[in-house]
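In what follows, a single structure is set out as structure tokens and then discussed.
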Amino acid sequence: MRDGLVIFALLVVQVFCAVFFVSDILLGVIGLQTEPISWQTRELLEIGAALGLVLGAALGAVALRRSLRLRRKVEGQLRLASGAFMEIMEERFSEWGLTPSEKDVALFAIKGLSTQEIAALRATSEGTVKAQTNAIYRKAGVSGRPQLLSLFIEDLMGEGLLVETP
């Protein structure tokens, strides 16, 4: 929240500074006369506006660097969770004593493929896939695909791999 306010404040300062420079140029091009101010005051305004733009650019670079660092951290955590998910699946498949064919079907089912899609990928009948999924559910002690998937999600949550956002 605090970072958002700082970034918003910098944006407002940069917009104000940019408006100052652009309006000065446009007024000169159009030929509109403004009430003259002393050259010292004008120089101070230009220096302030330039400093505002430079400060905004520098702090924008800092915010970008922080954002990229956070992105790398989250991607690392996602890779860790993905690797952990595969490890947990292999562990569970072994515990349940799944055959290689059942492991394939279980993996496809967890990925969300339909019975028809699994049958087509494995070049087998839908009846065979249904029999294998029933065997998987029985060995895992669940009644269907959502419960099967929830077993793995619970394992991941127990590992503390959920990403906390600041």
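Lettering and numbering for the structure tokens are positional, with chains as A, B, ... in the shown order, residues counted from 1 in each chain, and ligands counted from 1 in the shown order.
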When DSSP works through the backbone of this structure, what residues of chain A end up as alpha helix (DSSP H), shown as an MDAnalysis selection string? chainID A and resid 2:30 39:96 100:110 115:122 126:140 145:158
Contacts of A:Gly48 at 12 Å or less, counting only C-alpha atoms, minus same-chain residues fewer than 4 places along, as an MDAnalysis selection string? chainID A and resid 13:14 16:18 20:21 41:44 52:55
Applying 12 Å and only C-alpha atoms, which residues near A:Ser94 remain after dropping the ones on its own chain fewer than 5 positions away? List them as an NGL selection string. :A and (87-89 or 99-100 or 102-103 or 136 or 139-140)
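From atom CA of A:Ala63 back to atom CA of A:Val15, the distance works out to 17.5 Å.
Among the candidates A:Gln132, A:Val105, A:Gly4, A:Leu45, the one nearest to A:Ala120 when counting only C-alpha atoms is A:Val105.
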For atom CA of A:Gly144 and atom CA of A:Leu80, quote the distance in Å rounded to one decimal. 27.1 Å
Using only C-alpha atoms, determine which residues lie at most 12 Å from A:Lys111, disregarding the query and same-chain residues fewer than 6 positions distant; provide the list as a PyMOL selection string. chain A and resi 86+89+104-105+117-118+145-146+148-149
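Atom CA of A:Gly76 lies 18.3 Å from atom CA of A:Leu64.
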Shell of 10 Å around A:Gly56, only C-alpha atoms, local chain residues under 4 positions omitted, as a PyMOL selection string: chain A and resi 7+9-15+50-52+60-62
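You can rank A:Arg71, A:Ala135, A:Val129, A:Ser101 by their closest distance to A:Leu113 using only C-alpha atoms, and at the top of that list sits A:Val129.
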